[in-house]
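Participant: Here you go, this is start29.cif (mmCIF, C-alpha atoms and all ligand atoms).
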data_model
#
loop_
_atom_site.label_atom_id
_atom_site.label_comp_id
_atom_site.auth_asym_id
_atom_site.auth_seq_id
_atom_site.Cartn_x
_atom_site.Cartn_y
_atom_site.Cartn_z
CA MET A 1 1.54 8.11 27.05
CA PHE A 2 2.48 9.43 23.62
CA GLU A 3 1.94 12.96 22.48
CA LYS A 4 -0.99 12.99 20.04
CA GLY A 5 0.04 11.80 16.61
CA TYR A 6 3.35 10.41 17.85
CA TYR A 7 4.38 6.77 18.04
CA GLY A 8 7.44 6.80 20.25
CA PRO A 9 9.67 9.40 18.61
CA PHE A 10 7.99 8.91 15.20
CA GLY A 11 5.09 10.69 13.54
CA GLY A 12 3.91 14.23 14.23
CA ALA A 13 2.53 16.83 11.85
CA TYR A 14 5.27 19.06 10.44
CA ILE A 15 3.08 21.15 8.18
CA PRO A 16 3.12 24.70 6.87
CA GLU A 17 1.02 27.13 8.88
CA VAL A 18 -1.35 27.60 5.97
CA LEU A 19 -2.46 23.94 6.27
CA VAL A 20 -2.98 23.89 10.05
CA SER A 21 -6.71 24.66 9.98
CA THR A 22 -7.28 22.08 7.20
CA PHE A 23 -5.54 19.40 9.26
CA GLU A 24 -7.58 20.40 12.33
CA GLU A 25 -10.76 20.06 10.28
CA LEU A 26 -9.68 16.63 9.02
CA GLU A 27 -8.67 15.42 12.48
CA LYS A 28 -12.00 16.53 13.93
CA ALA A 29 -13.98 14.84 11.11
CA PHE A 30 -11.99 11.63 11.59
CA GLU A 31 -12.32 11.62 15.38
CA GLU A 32 -16.08 12.21 15.17
CA ALA A 33 -16.42 9.44 12.58
CA GLU A 34 -14.37 7.05 14.73
CA GLU A 35 -16.67 7.66 17.69
CA ASP A 36 -19.80 7.19 15.62
CA PRO A 37 -20.66 3.45 15.33
CA GLY A 38 -22.95 4.34 12.40
CA PHE A 39 -19.91 5.51 10.40
CA TRP A 40 -18.10 2.15 10.65
CA GLU A 41 -21.36 0.37 9.78
CA GLU A 42 -21.80 2.55 6.69
CA TYR A 43 -18.13 1.94 5.79
CA ILE A 44 -18.57 -1.84 5.99
CA ARG A 45 -21.80 -1.57 4.00
CA VAL A 46 -20.03 0.31 1.18
CA LEU A 47 -17.11 -2.13 1.21
CA SER A 48 -19.38 -5.15 1.05
CA ASN A 49 -21.80 -4.01 -1.62
CA TYR A 50 -19.23 -2.17 -3.77
CA SER A 51 -15.87 -3.74 -3.10
CA CYS A 52 -16.26 -7.49 -2.48
CA ARG A 53 -15.71 -7.65 1.26
CA PRO A 54 -15.09 -9.78 3.20
CA THR A 55 -12.24 -10.98 1.01
CA PRO A 56 -11.53 -14.70 1.47
CA LEU A 57 -8.64 -16.32 3.31
CA THR A 58 -7.52 -18.95 0.81
CA PHE A 59 -5.73 -22.14 1.87
CA ALA A 60 -2.72 -22.52 -0.47
CA GLU A 61 -2.77 -26.29 -0.60
CA ASN A 62 -0.23 -26.70 -3.41
CA LEU A 63 2.31 -24.26 -2.01
CA THR A 64 1.94 -25.91 1.40
CA ARG A 65 2.69 -29.30 -0.15
CA HIS A 66 5.56 -27.85 -2.21
CA PHE A 67 7.42 -26.42 0.80
CA GLY A 68 6.51 -29.22 3.20
CA GLY A 69 6.61 -26.96 6.27
CA ALA A 70 4.00 -24.51 7.58
CA LYS A 71 0.40 -24.48 6.38
CA ILE A 72 0.07 -21.44 4.08
CA TYR A 73 -3.00 -19.19 3.92
CA ILE A 74 -3.42 -16.15 1.66
CA LYS A 75 -5.52 -13.10 2.55
CA ARG A 76 -7.04 -12.07 -0.76
CA GLU A 77 -6.92 -8.27 -0.88
CA ASP A 78 -6.41 -8.61 -4.64
CA LEU A 79 -10.15 -9.29 -4.84
CA ASN A 80 -11.11 -5.79 -3.76
CA HIS A 81 -12.71 -3.68 -6.47
CA THR A 82 -9.86 -2.08 -8.49
CA GLY A 83 -7.52 -4.91 -7.51
CA ALA A 84 -5.83 -3.93 -4.25
CA HIS A 85 -6.26 -3.10 -0.58
CA LYS A 86 -6.06 0.59 -1.59
CA ALA A 87 -9.86 0.54 -2.13
CA ASN A 88 -10.47 0.11 1.63
CA ASN A 89 -8.74 3.37 2.48
CA VAL A 90 -10.15 5.50 -0.33
CA LEU A 91 -13.74 4.47 0.25
CA GLY A 92 -13.33 5.37 3.93
CA GLN A 93 -11.82 8.75 3.09
CA GLY A 94 -14.55 9.25 0.46
CA LEU A 95 -17.17 8.98 3.20
CA LEU A 96 -15.21 11.49 5.30
CA VAL A 97 -15.10 13.95 2.35
CA ARG A 98 -18.89 13.82 2.28
CA ARG A 99 -18.99 14.58 6.03
CA MET A 100 -16.66 17.55 5.48
CA GLY A 101 -18.83 18.90 2.65
CA LYS A 102 -16.02 19.07 0.07
CA ASP A 103 -16.35 18.12 -3.60
CA ARG A 104 -12.82 17.76 -4.97
CA VAL A 105 -10.22 15.10 -4.17
CA ILE A 106 -6.54 14.90 -5.04
CA ALA A 107 -4.14 12.01 -4.58
CA GLU A 108 -0.62 10.86 -5.30
CA THR A 109 0.14 7.44 -6.67
CA GLY A 110 3.19 5.24 -7.29
CA ALA A 111 2.05 1.90 -8.68
CA GLY A 112 -1.14 3.57 -9.83
CA GLN A 113 -3.38 1.34 -7.69
CA HIS A 114 -4.13 4.13 -5.24
CA GLY A 115 -4.78 6.53 -8.13
CA VAL A 116 -7.21 4.15 -9.80
CA ALA A 117 -8.91 3.48 -6.47
CA THR A 118 -9.25 7.24 -5.79
CA ALA A 119 -10.51 8.01 -9.31
CA THR A 120 -13.05 5.18 -8.92
CA MET A 121 -14.20 6.48 -5.54
CA ALA A 122 -14.47 10.02 -6.97
CA ALA A 123 -16.62 8.77 -9.85
CA ARG A 124 -18.85 6.83 -7.43
CA PHE A 125 -19.30 9.74 -4.97
CA GLY A 126 -19.39 12.49 -7.64
CA TYR A 127 -16.18 14.36 -6.71
CA ARG A 128 -13.78 16.11 -9.10
CA CYS A 129 -10.42 14.36 -9.06
CA THR A 130 -6.77 15.16 -9.81
CA ILE A 131 -4.00 12.55 -9.46
CA TYR A 132 -0.27 13.36 -9.19
CA MET A 133 2.13 10.71 -10.43
CA GLY A 134 5.91 10.70 -10.98
CA GLU A 135 6.83 10.64 -14.69
CA LYS A 136 8.82 7.46 -14.17
CA ASP A 137 5.76 5.75 -12.69
CA VAL A 138 3.56 7.10 -15.49
CA LEU A 139 5.80 5.19 -17.90
CA ARG A 140 5.92 2.02 -15.77
CA GLN A 141 2.20 1.96 -15.03
CA ARG A 142 0.61 3.25 -18.25
CA PRO A 143 -2.45 0.93 -18.00
CA ASN A 144 -3.37 2.49 -14.65
CA VAL A 145 -2.95 6.01 -16.10
CA PHE A 146 -5.31 4.99 -18.89
CA TRP A 147 -7.92 3.81 -16.39
CA MET A 148 -7.64 6.90 -14.18
CA GLU A 149 -8.27 9.13 -17.19
CA ARG A 150 -11.17 7.02 -18.43
CA LEU A 151 -12.67 7.26 -14.93
CA GLY A 152 -12.70 11.03 -15.35
CA ALA A 153 -9.61 12.00 -13.32
CA GLU A 154 -6.95 14.42 -14.46
CA VAL A 155 -3.52 12.75 -14.20
CA VAL A 156 -0.64 15.19 -13.69
CA PRO A 157 2.84 13.75 -14.42
CA VAL A 158 5.47 15.08 -12.01
CA ASN A 159 8.91 15.68 -13.50
CA THR A 160 10.81 16.92 -10.45
CA GLY A 161 13.33 14.98 -8.34
CA SER A 162 13.47 11.24 -8.94
CA ARG A 163 10.08 11.46 -10.73
CA THR A 164 8.53 8.85 -8.42
CA LEU A 165 6.17 8.70 -5.46
CA LYS A 166 7.91 11.14 -3.12
CA ASP A 167 7.83 13.85 -5.80
CA ALA A 168 4.15 13.16 -6.48
CA ILE A 169 3.44 13.59 -2.74
CA ASN A 170 5.23 16.97 -2.73
CA GLU A 171 3.13 18.11 -5.69
CA ALA A 172 -0.12 16.96 -4.07
CA PHE A 173 0.70 18.99 -0.93
CA ARG A 174 1.42 22.02 -3.14
CA ASP A 175 -2.01 21.69 -4.77
CA TRP A 176 -3.73 21.28 -1.39
CA THR A 177 -2.14 24.42 -0.01
CA ALA A 178 -3.77 26.37 -2.83
CA ARG A 179 -7.20 24.66 -2.74
CA MET A 180 -8.01 23.80 0.87
CA GLU A 181 -11.65 24.99 0.93
CA ASP A 182 -13.07 22.52 -1.56
CA THR A 183 -10.35 19.85 -1.69
CA HIS A 184 -9.43 16.78 0.36
CA TYR A 185 -6.06 15.07 -0.12
CA VAL A 186 -6.66 11.29 -0.17
CA LEU A 187 -3.25 10.13 1.03
CA GLY A 188 -2.72 6.53 -0.03
CA THR A 189 -0.65 5.03 2.75
CA ALA A 190 -0.05 5.14 6.50
CA CYS A 191 2.53 7.92 6.21
CA GLY A 192 2.43 11.71 6.14
CA PRO A 193 1.42 14.10 8.91
CA HIS A 194 -1.00 13.13 11.69
CA PRO A 195 -3.87 12.12 11.38
CA TYR A 196 -3.06 10.21 8.15
CA PRO A 197 -1.07 7.29 9.65
CA ALA A 198 -3.81 6.66 12.24
CA MET A 199 -6.64 7.24 9.78
CA VAL A 200 -5.29 4.98 7.02
CA THR A 201 -4.51 2.26 9.58
CA TYR A 202 -8.05 2.57 10.95
CA PHE A 203 -9.57 2.03 7.51
CA GLN A 204 -7.18 -0.82 6.64
CA SER A 205 -7.76 -2.55 10.01
CA VAL A 206 -10.74 -4.24 8.36
CA VAL A 207 -8.18 -6.60 6.73
CA GLY A 208 -6.75 -7.82 10.04
CA LYS A 209 -10.16 -8.04 11.75
CA GLU A 210 -11.41 -10.30 8.98
CA ALA A 211 -8.22 -12.36 8.74
CA ARG A 212 -8.26 -13.10 12.48
CA GLU A 213 -11.91 -14.18 12.44
CA GLN A 214 -11.32 -16.29 9.35
CA ILE A 215 -8.27 -18.16 10.66
CA PHE A 216 -10.14 -18.90 13.90
CA ALA A 217 -13.11 -20.18 11.91
CA LEU A 218 -10.84 -22.37 9.74
CA GLU A 219 -8.18 -23.50 12.21
CA GLY A 220 -9.48 -22.49 15.63
CA ARG A 221 -6.26 -20.62 16.45
CA CYS A 222 -3.86 -17.86 15.53
CA PRO A 223 -1.20 -18.24 12.84
CA SER A 224 2.46 -18.44 13.87
CA ARG A 225 3.48 -15.68 11.44
CA VAL A 226 1.86 -13.05 9.25
CA TYR A 227 3.75 -11.63 6.25
CA ALA A 228 3.02 -8.38 4.41
CA CYS A 229 4.98 -6.20 2.01
CA VAL A 230 5.83 -2.68 3.15
CA GLY A 231 5.82 0.39 0.93
CA GLY A 232 4.37 3.13 3.11
CA GLY A 233 2.89 0.40 5.28
CA SER A 234 -0.88 0.46 4.84
CA ASN A 235 -1.52 -3.17 3.88
CA ALA A 236 0.96 -4.35 6.52
CA LEU A 237 -0.64 -2.27 9.29
CA GLY A 238 -4.06 -3.37 8.07
CA ILE A 239 -3.39 -7.06 8.55
CA PHE A 240 -0.97 -6.71 11.51
CA SER A 241 -3.50 -4.67 13.50
CA GLY A 242 -5.71 -7.78 13.76
CA PHE A 243 -2.93 -9.72 15.51
CA LEU A 244 -1.04 -7.09 17.56
CA ASP A 245 -2.30 -8.48 20.87
CA ASP A 246 -1.75 -12.13 19.92
CA PRO A 247 1.38 -14.29 20.16
CA VAL A 248 1.91 -13.97 16.39
CA GLU A 249 5.18 -13.01 14.73
CA LEU A 250 4.60 -10.12 12.33
CA VAL A 251 6.98 -9.83 9.37
CA GLY A 252 7.17 -6.71 7.18
CA VAL A 253 8.95 -7.17 3.87
CA GLU A 254 10.56 -4.19 2.14
CA ALA A 255 11.97 -3.82 -1.36
CA GLY A 256 15.50 -5.25 -1.46
CA GLY A 257 15.79 -4.14 -5.11
CA LYS A 258 19.16 -5.10 -6.59
CA GLY A 259 20.43 -6.10 -3.12
CA LEU A 260 20.91 -4.29 0.19
CA GLY A 261 24.62 -3.74 -0.40
CA THR A 262 24.07 -2.02 -3.77
CA GLY A 263 22.37 1.17 -2.61
CA ARG A 264 19.67 0.35 -5.19
CA HIS A 265 16.76 -0.65 -2.97
CA ALA A 266 13.93 0.91 -0.97
CA SER A 267 14.55 -0.73 2.39
CA ARG A 268 14.37 1.81 5.18
CA LEU A 269 14.19 -0.50 8.16
CA ALA A 270 15.78 -3.82 7.20
CA SER A 271 18.85 -2.33 5.50
CA GLY A 272 20.47 -0.05 8.05
CA ASP A 273 20.55 2.66 5.33
CA GLY A 274 17.52 4.47 6.79
CA PHE A 275 18.04 7.50 9.03
CA LEU A 276 15.65 9.27 11.36
CA GLY A 277 14.52 12.52 9.80
CA VAL A 278 11.62 14.82 9.06
CA ALA A 279 10.27 15.07 5.52
CA GLN A 280 6.88 15.29 3.83
CA GLY A 281 5.34 16.41 7.10
CA TYR A 282 6.32 13.60 9.47
CA LYS A 283 9.22 12.04 11.33
CA THR A 284 10.38 8.55 10.49
CA TYR A 285 13.23 6.55 8.95
CA PHE A 286 14.00 7.87 5.48
CA LEU A 287 16.54 6.78 2.90
CA GLN A 288 18.64 9.90 2.95
CA ASP A 289 22.29 10.87 2.69
CA PRO A 290 24.29 12.35 5.62
CA ASP A 291 23.24 15.87 4.49
CA GLY A 292 19.60 14.88 4.86
CA GLN A 293 18.98 14.82 1.09
CA MET A 294 16.63 12.07 -0.05
CA ARG A 295 18.28 9.20 -1.91
CA GLU A 296 17.13 7.60 -5.14
CA THR A 297 15.30 4.37 -4.44
CA HIS A 298 14.75 1.32 -6.57
CA SER A 299 12.31 -1.55 -6.70
CA VAL A 300 10.83 -3.71 -9.43
CA ALA A 301 7.53 -2.88 -7.69
CA ALA A 302 6.52 0.77 -8.14
CA GLY A 303 4.36 0.66 -5.00
CA LEU A 304 7.31 -0.15 -2.73
CA ASP A 305 9.65 2.43 -4.26
CA TYR A 306 9.32 5.05 -1.51
CA ILE A 307 11.88 6.77 0.74
CA GLY A 308 9.84 6.87 3.97
CA VAL A 309 7.91 4.36 6.03
CA SER A 310 4.92 4.58 8.33
CA PRO A 311 5.85 6.08 11.72
CA ILE A 312 3.63 3.42 13.29
CA LEU A 313 5.71 0.64 11.73
CA ALA A 314 8.98 2.37 12.66
CA HIS A 315 7.74 2.37 16.25
CA LEU A 316 6.57 -1.25 16.16
CA ARG A 317 9.99 -2.23 14.83
CA GLU A 318 11.73 -0.32 17.62
CA GLU A 319 9.44 -2.04 20.15
CA GLY A 320 10.45 -5.41 18.70
CA ARG A 321 6.83 -6.12 17.70
CA VAL A 322 7.41 -6.31 13.93
CA ARG A 323 10.42 -7.96 12.27
CA PHE A 324 11.63 -6.35 9.03
CA GLU A 325 13.19 -8.17 6.09
CA ALA A 326 13.91 -7.26 2.47
CA ALA A 327 13.37 -9.32 -0.69
CA THR A 328 15.41 -8.68 -3.84
CA ASP A 329 13.81 -8.14 -7.27
CA GLU A 330 15.22 -11.50 -8.34
CA LYS A 331 13.67 -13.44 -5.45
CA VAL A 332 10.41 -11.54 -5.93
CA LEU A 333 10.15 -12.60 -9.58
CA GLU A 334 10.89 -16.21 -8.59
CA ALA A 335 8.18 -16.10 -5.92
CA PHE A 336 5.77 -14.46 -8.35
CA SER A 337 6.23 -17.32 -10.88
CA LEU A 338 5.82 -19.98 -8.22
CA VAL A 339 2.55 -18.52 -6.93
CA MET A 340 1.17 -18.40 -10.48
CA LYS A 341 2.21 -21.95 -11.33
CA LYS A 342 1.23 -23.58 -8.04
CA GLU A 343 -1.93 -21.70 -7.11
CA GLY A 344 -3.18 -20.01 -10.29
CA LEU A 345 -3.06 -16.62 -8.58
CA ILE A 346 -1.47 -13.48 -10.07
CA PRO A 347 -0.09 -11.41 -7.20
CA ALA A 348 1.03 -7.80 -7.60
CA LEU A 349 4.82 -7.45 -7.61
CA GLU A 350 4.46 -5.61 -4.31
CA SER A 351 2.67 -8.60 -2.76
CA ALA A 352 5.26 -10.99 -4.23
CA HIS A 353 7.75 -9.50 -1.73
CA ALA A 354 5.72 -10.97 1.13
CA TYR A 355 5.65 -14.31 -0.67
CA ALA A 356 9.43 -14.27 -1.27
CA GLN A 357 10.18 -13.93 2.45
CA ALA A 358 7.49 -16.40 3.48
CA PHE A 359 8.86 -18.98 1.03
CA LYS A 360 12.33 -18.53 2.50
CA GLU A 361 11.01 -19.34 5.97
CA ALA A 362 8.10 -21.78 5.41
CA PRO A 363 10.21 -24.95 4.89
CA SER A 364 11.93 -24.58 8.26
CA LEU A 365 8.63 -24.23 10.13
CA GLY A 366 6.76 -27.26 11.46
CA ARG A 367 3.66 -28.84 9.90
CA ASP A 368 1.57 -27.55 12.78
CA ASP A 369 2.63 -23.97 12.09
CA ILE A 370 0.28 -21.72 10.14
CA ILE A 371 1.38 -18.69 8.18
CA VAL A 372 -0.75 -15.99 6.58
CA ILE A 373 0.49 -13.98 3.60
CA ASN A 374 -1.29 -10.76 2.69
CA GLN A 375 -1.77 -10.66 -1.08
CA SER A 376 -2.25 -6.90 -1.14
CA GLY A 377 -3.12 -6.69 -4.82
CA ARG A 378 -3.34 -8.45 -8.15
CA GLY A 379 -0.63 -8.36 -10.79
CA ASP A 380 -2.54 -7.35 -13.93
CA LYS A 381 -1.09 -3.84 -13.68
CA ASP A 382 2.44 -5.29 -13.74
CA ILE A 383 2.09 -7.10 -17.06
CA PHE A 384 4.59 -4.84 -18.88
CA THR A 385 7.22 -5.05 -16.11
CA ILE A 386 6.83 -8.80 -15.75
CA ALA A 387 6.90 -9.47 -19.49
CA ASP A 388 10.09 -7.37 -19.67
CA ALA A 389 11.68 -9.14 -16.71
CA PHE A 390 11.07 -12.55 -18.26
CA GLY A 391 11.92 -11.30 -21.79
CA ASP A 392 8.67 -12.86 -23.01
CA PRO A 393 9.03 -13.17 -26.81
CA GLY A 394 5.29 -13.47 -27.56
CA TRP A 395 4.55 -10.29 -25.60
CA LYS A 396 7.38 -8.41 -27.35
CA GLU A 397 6.02 -9.39 -30.73
CA TYR A 398 2.52 -8.30 -29.73
CA ILE A 399 3.79 -4.87 -28.60
CA GLN A 400 5.82 -4.47 -31.81
CA GLN A 401 2.75 -5.31 -33.91
CA LYS A 402 0.66 -2.84 -31.92
CA ALA A 403 3.31 -0.12 -32.37
CA GLU A 404 3.41 -0.76 -36.10
CA ALA A 405 -0.38 -0.62 -36.33
CA TYR A 406 -0.35 2.78 -34.55
CA ARG A 407 2.47 4.04 -36.80
CA ALA A 408 0.53 3.11 -39.96
C1 LIG B 501 -0.73 -3.91 -4.51
C2 LIG B 501 0.06 -3.01 -3.61
N1 LIG B 501 0.60 -3.54 -2.50
C3 LIG B 501 1.34 -2.77 -1.65
C4 LIG B 501 1.58 -1.43 -1.93
C5 LIG B 501 2.43 -0.67 -0.97
O1 LIG B 501 1.74 0.24 -0.20
P1 LIG B 501 1.46 -0.01 1.35
O2 LIG B 501 2.75 -0.34 2.00
O3 LIG B 501 0.86 1.27 1.80
O4 LIG B 501 0.50 -1.15 1.46
C6 LIG B 501 1.03 -0.84 -3.08
C7 LIG B 501 1.24 0.58 -3.39
O5 LIG B 501 0.91 1.11 -4.41
C8 LIG B 501 0.24 -1.66 -3.95
O6 LIG B 501 -0.30 -1.18 -5.07
#
For this file, produce the structure as structure tokens.
Ligand SMILES: Cc1ncc(COP(=O)(O)O)c(C=O)c1O
Facilitator:
Amino acid sequence: MFEKGYYGPFGGAYIPEVLVSTFEELEKAFEEAEEDPGFWEEYIRVLSNYSCRPTPLTFAENLTRHFGGAKIYIKREDLNHTGAHKANNVLGQGLLVRRMGKDRVIAETGAGQHGVATATMAARFGYRCTIYMGEKDVLRQRPNVFWMERLGAEVVPVNTGSRTLKDAINEAFRDWTARMEDTHYVLGTACGPHPYPAMVTYFQSVVGKEAREQIFALEGRCPSRVYACVGGGSNALGIFSGFLDDPVELVGVEAGGKGLGTGRHASRLASGDGFLGVAQGYKTYFLQDPDGQMRETHSVAAGLDYIGVSPILAHLREEGRVRFEAATDEKVLEAFSLVMKKEGLIPALESAHAYAQAFKEAPSLGRDDIIVINQSGRGDKDIFTIADAFGDPGWKEYIQQKAEAYRA
């Protein structure tokens, strides 16, 4: 048996004393909700009438033909309201906030998807909302900043450290320490101190439950492999949790950035550069130097650009239950283009990591193999990054014209 909140040696709640009672309150609210069948029913009701659930499992006929190996299915989390799986988690936590009688939410965000989802949830439930975001991500994900502000949230750019997700998380914890009575911190992934990894996985498990039922309805059996990208790990744990007890190979794909040998990536488990440590309130593999200082990370996908990884995934890797791979920016952009051209879908750059690895492996699988790829989000938010990466001349001209119009 594991100690509560631990997964093997990973997890825990390494929090300042001032936050202990707040975490106890949250844990109690979550445990009571988990035991109350009415809570899950209400959660599913909100997801289905507000956020387009169940999301479909789409047969990728053209990609299947193109690779000539396994049959490829795509779980369409991009169809959630606000464009990513992040909506599942925030709507669940939004219902918990109501149970706890609080009226203010804060969140951190990297790609901006979690921030937009939280700001949307806050508008829907009537909560005040502040979002912390690294300055670098504010620049990369300006459209999402725009939406968060229009939704009524205050967006606070964080200019400490590497000015990305880990710094935004630190700032959010600082805020929470000062405002515990009325504020809930809507953590966006399956990381952080207990009970967050368990709670976020619980809310995201809806993805795996649906995917399993859908593949049985369509094919009458389990897939051979399931692929998901891994930032903190919430979309991966969401879909994997539906297949943990089945003979299905689970593949988590991290950000290989410029390449694993370059030091410019965000691969904590597939690279061998991750070390066991404690930071941001929990124990897991972090990208850190021998002195324990956090390293700079890099990914073309802001949502995968994080130094830690879910303690639950670290444990599942150690148990041999999940295989970890990394996809480079270059391969991700190639996969992204192929998905657009063959299937008319626009995956998020994060999700394109799962595609890149699946495409590497699909041709060597047999025609009776089935694979499922979790498309965790849609790529609209990435339009600036993608246009830059492809040096799109029409887009450049459009931006120049816009800039001139604003200058006039
Ligand atoms: C579309 C999308 N996919 C994946 C991720 C990575 O997060 P996680 O590993 O928690 O699913 C993000 C994070 O912002 C995201 O926006």
Participant: Using only C-alpha atoms and all ligand atoms, determine which residues fall within 7 Å of ligand LIG 501 (chain B), then list them as JSON, numbers by chain.
Facilitator: {"A": [84, 85, 86, 109, 110, 111, 112, 113, 114, 188, 189, 190, 229, 230, 231, 232, 233, 234, 235, 236, 302, 303, 304, 348, 350, 351, 376, 377, 378]}
Participant: For a cutoff of 12 Å around the file-coordinate point (9.5, -7.7, 6.9), which residues qualify once you count only C-alpha atoms? I'd like the result as an MDAnalysis selection string.
Facilitator: chainID A and resid 225:231 233 236:237 240 249:256 267:271 313:314 316:317 321:327 351 353:358 361 373:374
Participant: Please check which residues have atoms at most 9 Å from (-3.2, 17.4, 5.9) in the file's coordinates, counting only C-alpha atoms, and write them as a PyMOL selection string.
Facilitator: chain A and resi 13+15+19-20+22-24+26-27+173+176+184-185+187+192-196+281
Participant: Taking only residues of region 244-298 of chain A that have an atom at most 9 Å from an atom of region 158-171 of chain A, what is each one's shortest atom pair and its distance in Å to one decimal, using all atoms listed in the file, in chain and number order, as CSV?
Facilitator:
residue,atom,partner,partner_atom,distance
A:Gln280,CA,A:Asn170,CA,7.0
A:Arg295,CA,A:Ser162,CA,8.8
A:Glu296,CA,A:Ser162,CA,6.4
A:Thr297,CA,A:Ser162,CA,8.4
Participant: Name the closest residue to Asp175 (chain A) among the candidates A:Ser364, A:Thr130, A:Thr55, A:Gln400; distances are taken between atoms, counting only C-alpha atoms.
Facilitator: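 Looking at the shortest contact to Asp175 (chain A), the residue is A:Thr130.
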Participant: With only C-alpha atoms as the basis for distance, which of A:Tyr7, A:Ala119, A:Glu42, A:Asn62 is at the shortest distance from Met340 (chain A)?
Facilitator: A:Asn62
Participant: One number please: CA of Ala87 (chain A) to CA of Asp103 (chain A), in Å, one decimal.
Facilitator: 18.8 Å
Participant: Measuring atom to atom with only C-alpha atoms, identify which of A:Val309, A:Ala405, A:Val278, A:Leu349 is nearest to Lys381 (chain A).
Facilitator: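 The answer is A:Leu349, which sits nearest to Lys381 (chain A).
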Participant: Between A:Arg76, A:Lys342, A:Lys71, A:Lys28, which is the closest to Ser224 (chain A) once you count only C-alpha atoms?
Facilitator: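 Nearest to Ser224 (chain A): A:Lys71.
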Participant: Between A:Ala266, A:Ala60, A:Ile72, A:Ile312, which has the minimum distance to Lys283 (chain A) (counting only C-alpha atoms)?
Facilitator: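 Going through A:Ala266, A:Ala60, A:Ile72, A:Ile312 one by one, the smallest distance to Lys283 (chain A) is for A:Ile312.
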Participant: Have a look at A:Tyr398, A:Trp147, A:Phe286, A:Tyr50 and name the one nearest to Phe125 (chain A); count all atoms listed in the file.
Facilitator: A:Tyr50
Participant: Quick one, how far is CA of Ala107 (chain A) from CA of Phe203 (chain A)?
Facilitator: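 Interatomic distance, CA of Ala107 (chain A) to CA of Phe203 (chain A): 16.6 Å.
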Participant: In Å, rounded to a single decimal, give me how far CA of Lys402 (chain A) is from CA of Lys136 (chain A).
Facilitator: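 Between CA of Lys136 (chain A) and CA of Lys402 (chain A) the gap is 22.1 Å.
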Participant: Write out as JSON, numbers by chain each polymer residue whose atoms come within 8 Å of Val156 (chain A), counting all atoms listed in the file; drop sequence neighbours fewer than 3 positions from it.
Facilitator: {"A": [130, 131, 132, 133]}
Participant: Calculate, to one decimal in Å, the centre and edge lengths of the box along x, y and z of the file that holds all listed atoms of region 98-111 of chain A with 6 Å of margin on each side, and present them as lines of an AutoDock Vina configuration file.
Facilitator:
center_x = -7.9
center_y = 10.5
center_z = -1.3
size_x = 34.2
size_y = 29.2
size_z = 26.7
Participant: Any chance you could tabulate, as JSON lines, the residues of region 61-178 of chain A at most 12 Å from region 383-394 of chain A with each one's nearest atom pair and distance in Å to one decimal, using all atoms listed in the file, in chain and rising number order?
Facilitator:
{"residue": "A:Ala111", "atom": "CA", "partner": "A:Thr385", "partner_atom": "CA", "distance": 11.4}
{"residue": "A:Asp137", "atom": "CA", "partner": "A:Thr385", "partner_atom": "CA", "distance": 11.4}
{"residue": "A:Leu139", "atom": "CA", "partner": "A:Phe384", "partner_atom": "CA", "distance": 10.2}
{"residue": "A:Arg140", "atom": "CA", "partner": "A:Thr385", "partner_atom": "CA", "distance": 7.2}
{"residue": "A:Gln141", "atom": "CA", "partner": "A:Phe384", "partner_atom": "CA", "distance": 8.2}
{"residue": "A:Arg142", "atom": "CA", "partner": "A:Phe384", "partner_atom": "CA", "distance": 9.0}
{"residue": "A:Pro143", "atom": "CA", "partner": "A:Phe384", "partner_atom": "CA", "distance": 9.1}
{"residue": "A:Asn144", "atom": "CA", "partner": "A:Ile383", "partner_atom": "CA", "distance": 11.3}
